[in-house]
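For reference, work.cif (mmCIF, N, CA and C atoms):
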data_data
#
loop_
_atom_site.group_PDB
_atom_site.id
_atom_site.type_symbol
_atom_site.label_atom_id
_atom_site.label_comp_id
_atom_site.auth_asym_id
_atom_site.auth_seq_id
_atom_site.Cartn_x
_atom_site.Cartn_y
_atom_site.Cartn_z
ATOM 1 N N MET A 26 110.712 294.905 60.197
ATOM 2 C CA MET A 26 111.177 295.003 61.552
ATOM 3 C C MET A 26 110.969 293.642 62.216
ATOM 4 N N LEU A 27 112.004 293.151 62.875
ATOM 5 C CA LEU A 27 111.923 291.891 63.596
ATOM 6 C C LEU A 27 111.039 292.076 64.807
ATOM 7 N N LYS A 28 110.079 291.193 64.975
ATOM 8 C CA LYS A 28 109.098 291.345 66.042
ATOM 9 C C LYS A 28 109.409 290.427 67.224
ATOM 10 N N HIS A 29 109.459 289.110 66.997
ATOM 11 C CA HIS A 29 109.744 288.168 68.071
ATOM 12 C C HIS A 29 109.968 286.775 67.494
ATOM 13 N N GLU A 30 110.419 285.862 68.350
ATOM 14 C CA GLU A 30 110.590 284.480 67.920
ATOM 15 C C GLU A 30 109.276 283.731 68.080
ATOM 16 N N VAL A 31 109.134 282.635 67.321
ATOM 17 C CA VAL A 31 107.905 281.849 67.332
ATOM 18 C C VAL A 31 108.281 280.371 67.442
ATOM 19 N N LYS A 32 107.755 279.683 68.438
ATOM 20 C CA LYS A 32 107.951 278.238 68.582
ATOM 21 C C LYS A 32 107.006 277.542 67.607
ATOM 22 N N LEU A 33 107.563 276.665 66.786
ATOM 23 C CA LEU A 33 106.765 275.956 65.790
ATOM 24 C C LEU A 33 106.206 274.668 66.378
ATOM 25 N N PRO A 34 105.056 274.207 65.859
ATOM 26 C CA PRO A 34 104.526 272.908 66.280
ATOM 27 C C PRO A 34 105.508 271.798 65.890
ATOM 28 N N GLU A 35 105.414 270.665 66.544
ATOM 29 C CA GLU A 35 106.346 269.562 66.287
ATOM 30 C C GLU A 35 106.328 269.083 64.844
ATOM 31 N N ASN A 36 105.206 269.225 64.167
ATOM 32 C CA ASN A 36 105.111 268.751 62.782
ATOM 33 C C ASN A 36 105.609 269.786 61.765
ATOM 34 N N LYS A 37 106.110 270.912 62.230
ATOM 35 C CA LYS A 37 106.642 271.963 61.343
ATOM 36 C C LYS A 37 108.119 272.163 61.620
ATOM 37 N N LYS A 38 108.853 272.613 60.622
ATOM 38 C CA LYS A 38 110.276 272.923 60.738
ATOM 39 C C LYS A 38 110.538 274.298 60.126
ATOM 40 N N PRO A 39 111.479 275.062 60.683
ATOM 41 C CA PRO A 39 111.817 276.349 60.071
ATOM 42 C C PRO A 39 112.442 276.121 58.688
ATOM 43 N N GLN A 40 112.103 276.970 57.745
ATOM 44 C CA GLN A 40 112.597 276.818 56.378
ATOM 45 C C GLN A 40 113.889 277.601 56.186
ATOM 46 N N ASP A 41 114.886 276.933 55.596
ATOM 47 C CA ASP A 41 116.181 277.578 55.347
ATOM 48 C C ASP A 41 116.027 278.850 54.519
ATOM 49 N N LYS A 42 115.223 278.774 53.472
ATOM 50 C CA LYS A 42 115.113 279.927 52.570
ATOM 51 C C LYS A 42 114.541 281.156 53.282
ATOM 52 N N THR A 43 113.699 280.943 54.269
ATOM 53 C CA THR A 43 113.144 282.092 54.973
ATOM 54 C C THR A 43 114.043 282.536 56.118
ATOM 55 N N LEU A 44 114.720 281.597 56.785
ATOM 56 C CA LEU A 44 115.646 282.000 57.845
ATOM 57 C C LEU A 44 116.816 282.807 57.284
ATOM 58 N N ARG A 45 117.200 282.510 56.048
ATOM 59 C CA ARG A 45 118.306 283.265 55.431
ATOM 60 C C ARG A 45 117.954 284.741 55.234
ATOM 61 N N LYS A 46 116.680 285.067 55.290
ATOM 62 C CA LYS A 46 116.283 286.476 55.187
ATOM 63 C C LYS A 46 116.832 287.293 56.347
ATOM 64 N N LEU A 47 117.199 286.625 57.431
ATOM 65 C CA LEU A 47 117.814 287.338 58.553
ATOM 66 C C LEU A 47 119.084 288.059 58.111
ATOM 67 N N TYR A 48 119.811 287.481 57.155
ATOM 68 C CA TYR A 48 121.028 288.132 56.661
ATOM 69 C C TYR A 48 120.723 289.456 55.973
ATOM 70 N N VAL A 49 119.569 289.531 55.319
ATOM 71 C CA VAL A 49 119.203 290.723 54.554
ATOM 72 C C VAL A 49 118.518 291.770 55.432
ATOM 73 N N TYR A 50 117.637 291.318 56.317
ATOM 74 C CA TYR A 50 116.770 292.250 57.027
ATOM 75 C C TYR A 50 117.187 292.562 58.459
ATOM 76 N N THR A 51 118.341 292.077 58.895
ATOM 77 C CA THR A 51 118.838 292.434 60.226
ATOM 78 C C THR A 51 120.222 293.031 60.103
ATOM 79 N N ASP A 52 120.584 293.811 61.079
ATOM 80 C CA ASP A 52 121.889 294.457 61.104
ATOM 81 C C ASP A 52 122.738 293.734 62.144
ATOM 82 N N GLY A 53 123.567 292.823 61.683
ATOM 83 C CA GLY A 53 124.406 292.063 62.600
ATOM 84 C C GLY A 53 125.553 291.414 61.864
ATOM 85 N N ALA A 54 126.502 290.915 62.624
ATOM 86 C CA ALA A 54 127.645 290.221 62.039
ATOM 87 C C ALA A 54 127.172 288.893 61.444
ATOM 88 N N VAL A 55 127.776 288.519 60.335
ATOM 89 C CA VAL A 55 127.417 287.281 59.647
ATOM 90 C C VAL A 55 127.522 286.094 60.601
ATOM 91 N N GLU A 56 128.564 286.066 61.418
ATOM 92 C CA GLU A 56 128.770 284.958 62.354
ATOM 93 C C GLU A 56 127.643 284.890 63.385
ATOM 94 N N ASP A 57 127.192 286.045 63.851
ATOM 95 C CA ASP A 57 126.105 286.089 64.837
ATOM 96 C C ASP A 57 124.787 285.610 64.235
ATOM 97 N N ILE A 58 124.512 286.020 63.015
ATOM 98 C CA ILE A 58 123.286 285.611 62.344
ATOM 99 C C ILE A 58 123.314 284.110 62.075
ATOM 100 N N ALA A 59 124.464 283.586 61.657
ATOM 101 C CA ALA A 59 124.595 282.150 61.416
ATOM 102 C C ALA A 59 124.343 281.370 62.705
ATOM 103 N N GLU A 60 124.871 281.853 63.815
ATOM 104 C CA GLU A 60 124.649 281.185 65.101
ATOM 105 C C GLU A 60 123.172 281.247 65.497
ATOM 106 N N LEU A 61 122.531 282.392 65.279
ATOM 107 C CA LEU A 61 121.107 282.527 65.575
ATOM 108 C C LEU A 61 120.287 281.532 64.762
ATOM 109 N N ILE A 62 120.595 281.403 63.481
ATOM 110 C CA ILE A 62 119.874 280.468 62.618
ATOM 111 C C ILE A 62 120.046 279.036 63.121
ATOM 112 N N GLN A 63 121.252 278.664 63.512
ATOM 113 C CA GLN A 63 121.492 277.323 64.052
ATOM 114 C C GLN A 63 120.662 277.086 65.310
ATOM 115 N N LEU A 64 120.610 278.071 66.186
ATOM 116 C CA LEU A 64 119.834 277.926 67.422
ATOM 117 C C LEU A 64 118.332 277.861 67.146
ATOM 118 N N LEU A 65 117.856 278.666 66.203
ATOM 119 C CA LEU A 65 116.439 278.610 65.845
ATOM 120 C C LEU A 65 116.065 277.219 65.339
ATOM 121 N N LYS A 66 116.919 276.645 64.501
ATOM 122 C CA LYS A 66 116.661 275.299 63.990
ATOM 123 C C LYS A 66 116.699 274.279 65.123
ATOM 124 N N LYS A 67 117.693 274.384 65.994
ATOM 125 C CA LYS A 67 117.853 273.440 67.100
ATOM 126 C C LYS A 67 116.609 273.398 67.987
ATOM 127 N N PHE A 68 116.029 274.569 68.242
ATOM 128 C CA PHE A 68 114.867 274.657 69.124
ATOM 129 C C PHE A 68 113.538 274.718 68.360
ATOM 130 N N ASN A 69 113.592 274.414 67.051
ATOM 131 C CA ASN A 69 112.408 274.378 66.185
ATOM 132 C C ASN A 69 111.607 275.681 66.269
ATOM 133 N N MET A 70 112.314 276.770 66.007
ATOM 134 C CA MET A 70 111.702 278.098 66.086
ATOM 135 C C MET A 70 111.945 278.865 64.797
ATOM 136 N N THR A 71 111.148 279.888 64.612
ATOM 137 C CA THR A 71 111.324 280.818 63.511
ATOM 138 C C THR A 71 111.167 282.224 64.085
ATOM 139 N N VAL A 72 111.113 283.220 63.239
ATOM 140 C CA VAL A 72 110.938 284.595 63.704
ATOM 141 C C VAL A 72 109.739 285.227 63.031
ATOM 142 N N ALA A 73 109.133 286.193 63.699
ATOM 143 C CA ALA A 73 108.000 286.936 63.149
ATOM 144 C C ALA A 73 108.476 288.344 62.800
ATOM 145 N N TRP A 74 107.975 288.843 61.705
ATOM 146 C CA TRP A 74 108.324 290.177 61.217
ATOM 147 C C TRP A 74 107.068 291.022 61.141
ATOM 148 N N THR A 75 107.239 292.320 61.176
ATOM 149 C CA THR A 75 106.137 293.233 60.954
ATOM 150 C C THR A 75 106.598 294.320 59.987
ATOM 151 N N THR A 76 105.670 294.852 59.218
ATOM 152 C CA THR A 76 106.005 295.943 58.315
ATOM 153 C C THR A 76 106.050 297.246 59.120
ATOM 154 N N LYS A 77 106.606 298.283 58.538
ATOM 155 C CA LYS A 77 106.709 299.563 59.243
ATOM 156 C C LYS A 77 105.337 300.142 59.592
ATOM 157 N N ASP A 78 104.349 299.870 58.756
ATOM 158 C CA ASP A 78 103.016 300.409 59.057
ATOM 159 C C ASP A 78 102.262 299.518 60.039
ATOM 160 N N LYS A 79 102.851 298.390 60.430
ATOM 161 C CA LYS A 79 102.317 297.474 61.439
ATOM 162 C C LYS A 79 100.965 296.874 61.077
ATOM 163 N N LYS A 80 100.611 296.905 59.810
ATOM 164 C CA LYS A 80 99.343 296.317 59.389
ATOM 165 C C LYS A 80 99.499 294.842 59.060
ATOM 166 N N ILE A 81 100.727 294.419 58.737
ATOM 167 C CA ILE A 81 100.949 293.055 58.307
ATOM 168 C C ILE A 81 102.042 292.426 59.181
ATOM 169 N N THR A 82 101.783 291.215 59.676
ATOM 170 C CA THR A 82 102.788 290.480 60.404
ATOM 171 C C THR A 82 103.136 289.237 59.589
ATOM 172 N N LEU A 83 104.418 289.012 59.358
ATOM 173 C CA LEU A 83 104.880 287.883 58.574
ATOM 174 C C LEU A 83 105.706 286.972 59.460
ATOM 175 N N GLN A 84 105.518 285.662 59.331
ATOM 176 C CA GLN A 84 106.351 284.697 60.026
ATOM 177 C C GLN A 84 107.232 284.037 58.989
ATOM 178 N N VAL A 85 108.513 284.022 59.252
ATOM 179 C CA VAL A 85 109.454 283.374 58.334
ATOM 180 C C VAL A 85 110.208 282.294 59.052
#
Since I need it in another form, could you write the structure as structure tokens?
Amino acid sequence: MLKHEVKLPENKKPQDKTLRKLYVYTDGAVEDIAELIQLLKKFNMTVAWTTKDKKITLQV
């Protein structure tokens, strides 16, 4: 489950391989997801995920 966006420190960059997981784990049009990924990169952000049992939070 998508939890929220995360601003990365200046010395970090969002990773393409993990941002592409948005295509698999979100329900949206390919064009919308591609635009979201571009914006996340532009603003040096990534997204945080949580499992259904909410015990683990993952940042991708």
Centre and size of axis-aligned box enclosing region 29-39 of chain A plus 5 Å each side, as lines of an AutoDock Vina configuration file:
center_x = 108.5
center_y = 278.9
center_z = 63.6
size_x = 17.9
size_y = 30.4
size_z = 19.9
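Taking atom N of Glu30 (chain A) and CA of Ala54 (chain A) as endpoints, the distance between them is 18.9 Å.
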What lies within 8 Å of region 45-47 of chain A using all atoms listed in the file, ignoring chain neighbours under 5 positions off, as a ChimeraX atom specification?
-> /A:40,52-53,58-59,62,85
Calculate how many Å separate CA of Thr51 (chain A) from atom C of Pro34 (chain A), rounding to one decimal.
-> 25.2 Å
What does the distance from atom C of Lys37 (chain A) to atom N of Val49 (chain A) come to in Å, to one decimal?
-> 21.7 Å
For Lys38 (chain A), which residue among A:Tyr50, A:Leu64, A:Val55, A:Asn69 is the nearest when counting only C-alpha atoms?
->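 For Lys38 (chain A), the nearest of the given residues is A:Asn69.
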